[in-house]
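Asker: Got start.tsv for you, TSV, C-alpha atoms:
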```tsv
chain	number	residue	atom	x	y	z
A	1	MET	CA	3.02	-57.80	308.90
A	2	ALA	CA	0.51	-60.61	308.59
A	3	SER	CA	-3.08	-59.90	309.51
A	4	ASP	CA	-2.89	-62.09	312.63
A	5	CYS	CA	0.19	-60.19	313.84
A	6	LEU	CA	-1.83	-56.98	313.61
A	7	SER	CA	-4.60	-58.72	315.58
A	8	THR	CA	-2.07	-59.65	318.27
A	9	THR	CA	-0.78	-56.06	318.37
A	10	PHE	CA	-4.29	-54.62	318.76
A	11	ALA	CA	-5.21	-57.18	321.44
A	12	THR	CA	-2.01	-56.32	323.35
A	13	LEU	CA	-2.72	-52.59	323.14
A	14	ALA	CA	-6.25	-53.08	324.51
A	15	ASP	CA	-4.96	-52.59	328.04
A	16	PRO	CA	-4.20	-49.16	329.57
A	17	THR	CA	-1.35	-50.47	331.76
A	18	ARG	CA	0.44	-51.93	328.76
A	19	ARG	CA	-0.01	-48.66	326.83
A	20	ALA	CA	1.34	-46.73	329.85
A	21	ILE	CA	4.40	-49.03	329.93
A	22	LEU	CA	5.06	-48.31	326.23
A	23	ALA	CA	4.67	-44.56	326.87
A	24	ARG	CA	7.25	-44.78	329.68
A	25	LEU	CA	9.71	-46.64	327.42
A	26	VAL	CA	9.73	-43.79	324.89
A	27	SER	CA	12.08	-41.93	327.25
A	28	GLY	CA	14.49	-44.90	327.44
A	29	SER	CA	15.03	-48.46	328.60
A	30	ALA	CA	13.85	-49.37	332.09
A	31	SER	CA	13.92	-52.30	334.51
A	32	VAL	CA	10.79	-54.08	335.76
A	33	THR	CA	11.13	-52.27	339.11
A	34	GLU	CA	11.35	-48.86	337.38
A	35	LEU	CA	8.38	-49.70	335.16
A	36	ALA	CA	6.31	-50.85	338.15
A	37	GLU	CA	6.85	-47.60	340.12
A	38	PRO	CA	3.88	-45.56	338.81
A	39	PHE	CA	1.43	-48.45	339.16
A	40	ASP	CA	-0.43	-49.77	342.17
A	41	MET	CA	0.45	-53.26	341.03
A	42	SER	CA	2.72	-56.10	342.18
A	43	LEU	CA	5.99	-56.86	340.36
A	44	PRO	CA	4.61	-60.25	339.17
A	45	ALA	CA	1.57	-58.46	337.70
A	46	ILE	CA	3.84	-56.02	335.84
A	47	SER	CA	6.06	-58.92	334.70
A	48	LYS	CA	2.98	-60.60	333.24
A	49	HIS	CA	2.17	-57.46	331.21
A	50	LEU	CA	5.80	-57.31	330.04
A	51	LYS	CA	5.61	-60.92	328.83
A	52	VAL	CA	2.49	-60.08	326.79
A	53	LEU	CA	4.24	-57.01	325.32
A	54	GLU	CA	7.36	-59.06	324.55
A	55	ARG	CA	5.39	-61.87	322.85
A	56	ALA	CA	3.69	-59.23	320.66
A	57	GLY	CA	7.10	-57.80	319.70
A	58	LEU	CA	6.26	-54.42	321.24
A	59	ILE	CA	9.20	-54.56	323.64
A	60	ALA	CA	12.51	-56.41	323.78
A	61	ARG	CA	14.45	-57.29	326.92
A	62	GLY	CA	18.18	-57.29	327.66
A	63	ARG	CA	20.02	-60.49	328.53
A	64	GLU	CA	21.60	-59.36	331.78
A	65	ALA	CA	20.34	-61.87	334.38
A	66	GLN	CA	19.99	-59.39	337.25
A	67	TRP	CA	18.72	-56.38	335.36
A	68	ARG	CA	16.87	-57.21	332.19
A	69	PRO	CA	16.09	-53.74	330.84
A	70	CYS	CA	13.03	-53.41	328.62
A	71	ARG	CA	13.13	-51.29	325.48
A	72	LEU	CA	10.42	-50.26	323.06
A	73	GLU	CA	10.31	-52.00	319.66
A	74	ALA	CA	9.02	-49.66	316.97
A	75	GLY	CA	7.87	-52.07	314.24
A	76	PRO	CA	4.37	-53.07	315.43
A	77	LEU	CA	3.54	-49.47	316.41
A	78	LYS	CA	4.42	-48.32	312.89
A	79	GLU	CA	2.11	-51.03	311.51
A	80	VAL	CA	-0.73	-49.67	313.67
A	81	ALA	CA	-0.05	-46.13	312.42
A	82	ASP	CA	0.10	-47.33	308.78
A	83	TRP	CA	-3.18	-49.20	309.23
A	84	ALA	CA	-4.95	-46.20	310.81
A	85	GLU	CA	-3.52	-43.93	308.10
A	86	LEU	CA	-5.65	-45.76	305.50
A	87	TYR	CA	-8.68	-44.10	307.12
A	88	ARG	CA	-7.25	-40.56	307.27
A	89	ARG	CA	-8.98	-39.45	304.05
A	90	PHE	CA	-12.22	-40.79	305.48
A	91	TRP	CA	-12.12	-39.00	308.85
A	92	ARG	CA	-10.89	-35.75	307.24
A	93	ALA	CA	-13.97	-35.80	304.99
A	94	SER	CA	-16.09	-36.53	308.05
A	95	ILE	CA	-14.66	-33.50	309.93
A	96	VAL	CA	-15.25	-31.22	306.89
A	97	TRP	CA	-18.81	-32.52	306.61
A	98	THR	CA	-19.50	-31.94	310.34
A	99	THR	CA	-18.14	-28.37	310.04
A	100	ILE	CA	-20.35	-27.67	307.01
A	101	LEU	CA	-23.43	-28.97	308.83
A	102	ALA	CA	-22.59	-26.86	311.92
A	103	ASN	CA	-22.39	-23.60	309.93
B	1	MET	CA	-11.39	-40.17	324.39
B	2	ALA	CA	-11.05	-41.83	327.78
B	3	SER	CA	-8.42	-44.50	328.20
B	4	ASP	CA	-11.01	-47.28	328.47
B	5	CYS	CA	-12.65	-46.18	325.20
B	6	LEU	CA	-9.28	-46.58	323.50
B	7	SER	CA	-9.01	-50.03	325.11
B	8	THR	CA	-12.43	-50.94	323.67
B	9	THR	CA	-11.38	-49.68	320.23
B	10	PHE	CA	-8.15	-51.73	320.25
B	11	ALA	CA	-9.98	-54.85	321.50
B	12	THR	CA	-12.57	-54.44	318.73
B	13	LEU	CA	-9.87	-54.03	316.07
B	14	ALA	CA	-8.09	-57.21	317.23
B	15	ASP	CA	-10.13	-59.26	314.77
B	16	PRO	CA	-9.35	-59.48	311.02
B	17	THR	CA	-13.02	-59.87	310.01
B	18	ARG	CA	-13.98	-56.68	311.82
B	19	ARG	CA	-11.05	-54.82	310.21
B	20	ALA	CA	-12.12	-56.16	306.79
B	21	ILE	CA	-15.67	-54.90	307.41
B	22	LEU	CA	-14.32	-51.42	308.22
B	23	ALA	CA	-12.17	-51.50	305.05
B	24	ARG	CA	-15.26	-52.36	302.98
B	25	LEU	CA	-17.23	-49.47	304.53
B	26	VAL	CA	-14.65	-46.91	303.34
B	27	SER	CA	-16.23	-47.20	299.89
B	28	GLY	CA	-19.73	-46.49	301.26
B	29	SER	CA	-22.60	-47.74	303.41
B	30	ALA	CA	-23.62	-51.38	303.06
B	31	SER	CA	-26.24	-53.80	304.32
B	32	VAL	CA	-25.45	-56.88	306.42
B	33	THR	CA	-25.97	-59.07	303.34
B	34	GLU	CA	-23.55	-56.99	301.28
B	35	LEU	CA	-20.99	-57.00	304.10
B	36	ALA	CA	-21.30	-60.78	304.50
B	37	GLU	CA	-20.61	-61.51	300.80
B	38	PRO	CA	-16.79	-61.76	300.88
B	39	PHE	CA	-16.76	-63.92	304.00
B	40	ASP	CA	-17.33	-67.63	304.47
B	41	MET	CA	-19.50	-66.80	307.44
B	42	SER	CA	-23.20	-66.94	308.35
B	43	LEU	CA	-25.31	-63.76	308.51
B	44	PRO	CA	-25.75	-64.17	312.30
B	45	ALA	CA	-21.95	-64.37	312.70
B	46	ILE	CA	-21.51	-61.18	310.66
B	47	SER	CA	-24.32	-59.51	312.66
B	48	LYS	CA	-22.44	-60.36	315.86
B	49	HIS	CA	-19.31	-58.64	314.52
B	50	LEU	CA	-21.42	-55.62	313.51
B	51	LYS	CA	-22.83	-55.37	317.03
B	52	VAL	CA	-19.30	-55.33	318.48
B	53	LEU	CA	-18.28	-52.63	315.98
B	54	GLU	CA	-21.41	-50.61	316.76
B	55	ARG	CA	-20.88	-50.83	320.55
B	56	ALA	CA	-17.32	-49.56	320.05
B	57	GLY	CA	-18.62	-46.62	318.00
B	58	LEU	CA	-16.71	-47.75	314.90
B	59	ILE	CA	-19.86	-48.06	312.81
B	60	ALA	CA	-23.37	-46.64	312.95
B	61	ARG	CA	-26.51	-48.22	311.52
B	62	GLY	CA	-29.51	-46.71	309.76
B	63	ARG	CA	-32.98	-46.92	311.24
B	64	GLU	CA	-34.75	-48.48	308.27
B	65	ALA	CA	-36.27	-51.71	309.62
B	66	GLN	CA	-35.74	-53.79	306.48
B	67	TRP	CA	-32.37	-52.46	305.39
B	68	ARG	CA	-30.27	-51.08	308.19
B	69	PRO	CA	-27.21	-49.86	306.28
B	70	CYS	CA	-23.94	-49.72	308.19
B	71	ARG	CA	-21.59	-46.78	307.83
B	72	LEU	CA	-18.10	-46.15	309.12
B	73	GLU	CA	-17.68	-43.77	312.07
B	74	ALA	CA	-14.38	-41.93	311.86
B	75	GLY	CA	-13.83	-40.78	315.48
B	76	PRO	CA	-12.31	-43.89	317.12
B	77	LEU	CA	-10.05	-44.53	314.09
B	78	LYS	CA	-8.68	-41.00	314.39
B	79	GLU	CA	-7.99	-41.64	318.08
B	80	VAL	CA	-5.98	-44.75	317.13
B	81	ALA	CA	-3.99	-42.75	314.56
B	82	ASP	CA	-3.38	-39.93	317.08
B	83	TRP	CA	-2.21	-42.47	319.67
B	84	ALA	CA	0.16	-44.23	317.23
B	85	GLU	CA	1.44	-40.84	316.04
B	86	LEU	CA	2.99	-40.26	319.50
B	87	TYR	CA	5.49	-42.99	318.61
B	88	ARG	CA	6.39	-41.70	315.12
B	89	ARG	CA	9.53	-39.89	316.33
B	90	PHE	CA	10.59	-43.09	318.03
B	91	TRP	CA	10.22	-45.44	315.06
B	92	ARG	CA	11.78	-42.90	312.67
B	93	ALA	CA	14.87	-42.81	314.90
B	94	SER	CA	14.80	-46.61	314.95
B	95	ILE	CA	14.75	-46.79	311.12
B	96	VAL	CA	17.65	-44.28	310.86
B	97	TRP	CA	19.62	-46.30	313.41
B	98	THR	CA	18.99	-49.59	311.55
B	99	THR	CA	20.13	-47.96	308.27
B	100	ILE	CA	23.32	-46.64	309.91
B	101	LEU	CA	24.11	-50.09	311.33
B	102	ALA	CA	23.48	-51.74	307.93
B	103	ASN	CA	25.94	-49.45	306.09
```
What do you get writing this file as structure tokens?
Answerer:
Amino acid sequence: MASDCLSTTFATLADPTRRAILARLVSGSASVTELAEPFDMSLPAISKHLKVLERAGLIARGREAQWRPCRLEAGPLKEVADWAELYRRFWRASIVWTTILAN
Amino acid sequence: MASDCLSTTFATLADPTRRAILARLVSGSASVTELAEPFDMSLPAISKHLKVLERAGLIARGREAQWRPCRLEAGPLKEVADWAELYRRFWRASIVWTTILAN
């Protein structure tokens, strides 16, 4: 994944509603109406978030005209995890160090 | 970490220069001048990025007036990894499914 794709992914994830939509899609595909249910938000507002998620490749949508179900796309999320993983050694050392200082 | 802190972290990481600065800091603390070296960017521009990183809690800076070394702060990066980890089961299933379809 090119660096600017990762930038797009991070920018897209910088919104709690969009992260909540992704969390909902883990349990299966859903329509815009189903996705909108937990939010105090209009359908057009949810649709706007879905467009941002779709452009970032974080979701894909079905082709059925009436019911275009959204599904989670795993690729960009794996890229985020792989990126964060590079720092695991660092934060583990930091936790050990904090524990040593506390005792 | 509150949801809006995670939003701030993702928004801060949505910039390749800021991610490159974090990658540099894995190998140890560095001054603004040292951090600016690999970039075709002015010191004030780098300082601006450092301020954004500092506000997001991704770096901390020393108190020495002349040489305020920057160091990586592990906490928010661990939160990103923990968040992405929630989707591991999902993307693993996706990879298995893609492999099955390809064979």
Asker: Excluding A:Glu79 and its own-chain neighbours fewer than 2 positions away, which residues fall within 10 Å of it when counting all atoms listed in the file? Please give them as a ChimeraX atom specification.
Answerer: /A:1,5-6,9,74-77,81-85 /B:84
Asker: Include C-alpha atoms and write out the residues we just selected as a PDB file, in the coordinates of the input.
Answerer:
```pdb
ATOM      1  CA  MET A   1       3.020 -57.800 308.900  1.00  0.00           C
ATOM      2  CA  CYS A   5       0.190 -60.190 313.840  1.00  0.00           C
ATOM      3  CA  LEU A   6      -1.830 -56.980 313.610  1.00  0.00           C
ATOM      4  CA  THR A   9      -0.780 -56.060 318.370  1.00  0.00           C
ATOM      5  CA  ALA A  74       9.020 -49.660 316.970  1.00  0.00           C
ATOM      6  CA  GLY A  75       7.870 -52.070 314.240  1.00  0.00           C
ATOM      7  CA  PRO A  76       4.370 -53.070 315.430  1.00  0.00           C
ATOM      8  CA  LEU A  77       3.540 -49.470 316.410  1.00  0.00           C
ATOM      9  CA  ALA A  81      -0.050 -46.130 312.420  1.00  0.00           C
ATOM     10  CA  ASP A  82       0.100 -47.330 308.780  1.00  0.00           C
ATOM     11  CA  TRP A  83      -3.180 -49.200 309.230  1.00  0.00           C
ATOM     12  CA  ALA A  84      -4.950 -46.200 310.810  1.00  0.00           C
ATOM     13  CA  GLU A  85      -3.520 -43.930 308.100  1.00  0.00           C
TER      14      GLU A  85
ATOM     15  CA  ALA B  84       0.160 -44.230 317.230  1.00  0.00           C
TER      16      ALA B  84
END
```
Asker: Find the residues of chain A in contact range of chain B, meaning any atom within 9 Å when counting only C-alpha atoms, and list them as an mmCIF file with C-alpha atoms, in the coordinates of the input.
Answerer:
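That gives us part_17.cif:
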```
data_model
loop_
_atom_site.group_PDB
_atom_site.id
_atom_site.type_symbol
_atom_site.label_atom_id
_atom_site.label_comp_id
_atom_site.auth_asym_id
_atom_site.auth_seq_id
_atom_site.Cartn_x
_atom_site.Cartn_y
_atom_site.Cartn_z
ATOM 1 C CA SER A 3 -3.080 -59.900 309.510
ATOM 2 C CA ASP A 4 -2.890 -62.090 312.630
ATOM 3 C CA LEU A 6 -1.830 -56.980 313.610
ATOM 4 C CA SER A 7 -4.600 -58.720 315.580
ATOM 5 C CA THR A 8 -2.070 -59.650 318.270
ATOM 6 C CA THR A 9 -0.780 -56.060 318.370
ATOM 7 C CA PHE A 10 -4.290 -54.620 318.760
ATOM 8 C CA ALA A 11 -5.210 -57.180 321.440
ATOM 9 C CA THR A 12 -2.010 -56.320 323.350
ATOM 10 C CA LEU A 13 -2.720 -52.590 323.140
ATOM 11 C CA ALA A 14 -6.250 -53.080 324.510
ATOM 12 C CA ASP A 15 -4.960 -52.590 328.040
ATOM 13 C CA PRO A 16 -4.200 -49.160 329.570
ATOM 14 C CA ALA A 23 4.670 -44.560 326.870
ATOM 15 C CA VAL A 26 9.730 -43.790 324.890
ATOM 16 C CA LEU A 72 10.420 -50.260 323.060
ATOM 17 C CA GLU A 73 10.310 -52.000 319.660
ATOM 18 C CA ALA A 74 9.020 -49.660 316.970
ATOM 19 C CA GLY A 75 7.870 -52.070 314.240
ATOM 20 C CA LEU A 77 3.540 -49.470 316.410
ATOM 21 C CA LYS A 78 4.420 -48.320 312.890
ATOM 22 C CA VAL A 80 -0.730 -49.670 313.670
ATOM 23 C CA ALA A 81 -0.050 -46.130 312.420
ATOM 24 C CA ASP A 82 0.100 -47.330 308.780
ATOM 25 C CA TRP A 83 -3.180 -49.200 309.230
ATOM 26 C CA ALA A 84 -4.950 -46.200 310.810
ATOM 27 C CA GLU A 85 -3.520 -43.930 308.100
ATOM 28 C CA LEU A 86 -5.650 -45.760 305.500
ATOM 29 C CA TYR A 87 -8.680 -44.100 307.120
ATOM 30 C CA ARG A 88 -7.250 -40.560 307.270
ATOM 31 C CA PHE A 90 -12.220 -40.790 305.480
ATOM 32 C CA TRP A 91 -12.120 -39.000 308.850
ATOM 33 C CA ARG A 92 -10.890 -35.750 307.240
ATOM 34 C CA SER A 94 -16.090 -36.530 308.050
ATOM 35 C CA ILE A 95 -14.660 -33.500 309.930
#
```
Asker: Can you pull out the residues contacting A:Arg61? Cut-off 12 Å, using only C-alpha atoms, and skip same-chain residues under 4 positions away; I want them as a PyMOL selection string.
Answerer: chain A and resi 25+29-32+47+50-51+53-55+57+65-73
Asker: In Å to one decimal, how far is atom CA of B:Pro44 from atom CA of B:Gly62?
Answerer: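 If I compute the distance from atom CA of B:Gly62 to atom CA of B:Pro44, I get 18.0 Å.
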Asker: If I take atom CA of A:Leu35 and atom CA of A:Ile21, how far is one from the other in Å, to one decimal?
Answerer: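 Distance reported for this atom pair: 6.6 Å.
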Asker: For atom CA of B:Glu37 and atom CA of B:Ala56, quote the distance in Å rounded to one decimal.
Answerer: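 Going from atom CA of B:Glu37 over to atom CA of B:Ala56 covers 22.9 Å.
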Asker: From the options A:Ile100, A:Ile59, A:Ala20, A:Glu64, which residue's atoms come nearest to A:Pro38, counting all atoms listed in the file?
Answerer: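 Once distances to A:Pro38 are computed over all atoms listed in the file, the minimum belongs to A:Ala20.
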Asker: Save all heavy atoms of stretch 4-16 of chain B from the block above as a PDB file, in the first residue's frame.
Answerer:
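Dumped everything to decode_3.pdb:
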```
ATOM      1  N   ASP B   4     -12.513  10.194  21.136  1.00  0.00           N
ATOM      2  CA  ASP B   4     -11.992  11.369  20.433  1.00  0.00           C
ATOM      3  C   ASP B   4     -10.464  11.430  20.471  1.00  0.00           C
ATOM      4  O   ASP B   4      -9.858  12.053  19.609  1.00  0.00           O
ATOM      5  CB  ASP B   4     -12.633  12.658  20.965  1.00  0.00           C
ATOM      6  CG  ASP B   4     -12.393  12.829  22.446  1.00  0.00           C
ATOM      7  OD1 ASP B   4     -11.997  11.841  23.102  1.00  0.00           O
ATOM      8  OD2 ASP B   4     -12.594  13.926  22.957  1.00  0.00           O
ATOM      9  N   CYS B   5      -9.836  10.794  21.457  1.00  0.00           N
ATOM     10  CA  CYS B   5      -8.373  10.716  21.474  1.00  0.00           C
ATOM     11  C   CYS B   5      -7.902   9.841  20.312  1.00  0.00           C
ATOM     12  O   CYS B   5      -6.920  10.168  19.645  1.00  0.00           O
ATOM     13  CB  CYS B   5      -7.865  10.132  22.791  1.00  0.00           C
ATOM     14  SG  CYS B   5      -8.034  11.274  24.156  1.00  0.00           S
ATOM     15  N   LEU B   6      -8.630   8.744  20.095  1.00  0.00           N
ATOM     16  CA  LEU B   6      -8.276   7.865  18.975  1.00  0.00           C
ATOM     17  C   LEU B   6      -8.467   8.611  17.644  1.00  0.00           C
ATOM     18  O   LEU B   6      -7.647   8.477  16.733  1.00  0.00           O
ATOM     19  CB  LEU B   6      -9.145   6.599  19.035  1.00  0.00           C
ATOM     20  CG  LEU B   6      -8.689   5.377  18.218  1.00  0.00           C
ATOM     21  CD1 LEU B   6      -7.244   5.002  18.485  1.00  0.00           C
ATOM     22  CD2 LEU B   6      -9.594   4.187  18.484  1.00  0.00           C
ATOM     23  N   SER B   7      -9.502   9.440  17.582  1.00  0.00           N
ATOM     24  CA  SER B   7      -9.723  10.254  16.371  1.00  0.00           C
ATOM     25  C   SER B   7      -8.542  11.202  16.157  1.00  0.00           C
ATOM     26  O   SER B   7      -8.059  11.360  15.037  1.00  0.00           O
ATOM     27  CB  SER B   7     -11.019  11.071  16.501  1.00  0.00           C
ATOM     28  OG  SER B   7     -12.130  10.220  16.551  1.00  0.00           O
ATOM     29  N   THR B   8      -8.084  11.828  17.229  1.00  0.00           N
ATOM     30  CA  THR B   8      -6.931  12.742  17.133  1.00  0.00           C
ATOM     31  C   THR B   8      -5.689  11.980  16.670  1.00  0.00           C
ATOM     32  O   THR B   8      -4.936  12.460  15.825  1.00  0.00           O
ATOM     33  CB  THR B   8      -6.650  13.398  18.508  1.00  0.00           C
ATOM     34  OG1 THR B   8      -7.831  14.082  18.915  1.00  0.00           O
ATOM     35  CG2 THR B   8      -5.496  14.370  18.449  1.00  0.00           C
ATOM     36  N   THR B   9      -5.496  10.782  17.228  1.00  0.00           N
ATOM     37  CA  THR B   9      -4.322   9.976  16.837  1.00  0.00           C
ATOM     38  C   THR B   9      -4.384   9.659  15.344  1.00  0.00           C
ATOM     39  O   THR B   9      -3.407   9.869  14.613  1.00  0.00           O
ATOM     40  CB  THR B   9      -4.264   8.664  17.641  1.00  0.00           C
ATOM     41  OG1 THR B   9      -4.247   8.978  19.031  1.00  0.00           O
ATOM     42  CG2 THR B   9      -3.028   7.850  17.293  1.00  0.00           C
ATOM     43  N   PHE B  10      -5.534   9.172  14.874  1.00  0.00           N
ATOM     44  CA  PHE B  10      -5.649   8.820  13.449  1.00  0.00           C
ATOM     45  C   PHE B  10      -5.447  10.061  12.567  1.00  0.00           C
ATOM     46  O   PHE B  10      -4.751   9.990  11.555  1.00  0.00           O
ATOM     47  CB  PHE B  10      -7.015   8.187  13.159  1.00  0.00           C
ATOM     48  CG  PHE B  10      -7.093   6.722  13.514  1.00  0.00           C
ATOM     49  CD1 PHE B  10      -8.121   6.224  14.311  1.00  0.00           C
ATOM     50  CD2 PHE B  10      -6.145   5.827  13.052  1.00  0.00           C
ATOM     51  CE1 PHE B  10      -8.200   4.871  14.630  1.00  0.00           C
ATOM     52  CE2 PHE B  10      -6.207   4.471  13.363  1.00  0.00           C
ATOM     53  CZ  PHE B  10      -7.242   3.994  14.157  1.00  0.00           C
ATOM     54  N   ALA B  11      -6.035  11.189  12.958  1.00  0.00           N
ATOM     55  CA  ALA B  11      -5.884  12.414  12.153  1.00  0.00           C
ATOM     56  C   ALA B  11      -4.410  12.832  12.086  1.00  0.00           C
ATOM     57  O   ALA B  11      -3.918  13.250  11.036  1.00  0.00           O
ATOM     58  CB  ALA B  11      -6.730  13.529  12.751  1.00  0.00           C
ATOM     59  N   THR B  12      -3.705  12.661  13.204  1.00  0.00           N
ATOM     60  CA  THR B  12      -2.287  13.040  13.252  1.00  0.00           C
ATOM     61  C   THR B  12      -1.441  12.120  12.368  1.00  0.00           C
ATOM     62  O   THR B  12      -0.481  12.548  11.729  1.00  0.00           O
ATOM     63  CB  THR B  12      -1.784  12.990  14.709  1.00  0.00           C
ATOM     64  OG1 THR B  12      -2.634  13.830  15.502  1.00  0.00           O
ATOM     65  CG2 THR B  12      -0.347  13.470  14.836  1.00  0.00           C
ATOM     66  N   LEU B  13      -1.826  10.836  12.341  1.00  0.00           N
ATOM     67  CA  LEU B  13      -1.063   9.856  11.557  1.00  0.00           C
ATOM     68  C   LEU B  13      -1.358   9.923  10.055  1.00  0.00           C
ATOM     69  O   LEU B  13      -0.680   9.266   9.262  1.00  0.00           O
ATOM     70  CB  LEU B  13      -1.355   8.440  12.070  1.00  0.00           C
ATOM     71  CG  LEU B  13      -0.895   8.136  13.502  1.00  0.00           C
ATOM     72  CD1 LEU B  13      -1.369   6.756  13.930  1.00  0.00           C
ATOM     73  CD2 LEU B  13       0.625   8.251  13.625  1.00  0.00           C
ATOM     74  N   ALA B  14      -2.364  10.733   9.678  1.00  0.00           N
ATOM     75  CA  ALA B  14      -2.761  10.824   8.272  1.00  0.00           C
ATOM     76  C   ALA B  14      -1.839  11.740   7.480  1.00  0.00           C
ATOM     77  O   ALA B  14      -2.274  12.444   6.564  1.00  0.00           O
ATOM     78  CB  ALA B  14      -4.204  11.317   8.178  1.00  0.00           C
ATOM     79  N   ASP B  15      -0.570  11.749   7.832  1.00  0.00           N
ATOM     80  CA  ASP B  15       0.410  12.590   7.143  1.00  0.00           C
ATOM     81  C   ASP B  15       1.729  11.818   7.066  1.00  0.00           C
ATOM     82  O   ASP B  15       2.280  11.425   8.111  1.00  0.00           O
ATOM     83  CB  ASP B  15       0.607  13.898   7.922  1.00  0.00           C
ATOM     84  CG  ASP B  15       1.587  14.805   7.226  1.00  0.00           C
ATOM     85  OD1 ASP B  15       2.816  14.535   7.327  1.00  0.00           O
ATOM     86  OD2 ASP B  15       1.167  15.762   6.558  1.00  0.00           O
ATOM     87  N   PRO B  16       2.247  11.591   5.846  1.00  0.00           N
ATOM     88  CA  PRO B  16       3.458  10.765   5.703  1.00  0.00           C
ATOM     89  C   PRO B  16       4.692  11.345   6.392  1.00  0.00           C
ATOM     90  O   PRO B  16       5.536  10.586   6.875  1.00  0.00           O
ATOM     91  CB  PRO B  16       3.656  10.662   4.189  1.00  0.00           C
ATOM     92  CG  PRO B  16       2.796  11.723   3.593  1.00  0.00           C
ATOM     93  CD  PRO B  16       1.704  12.031   4.562  1.00  0.00           C
TER      94      PRO B  16
END
```
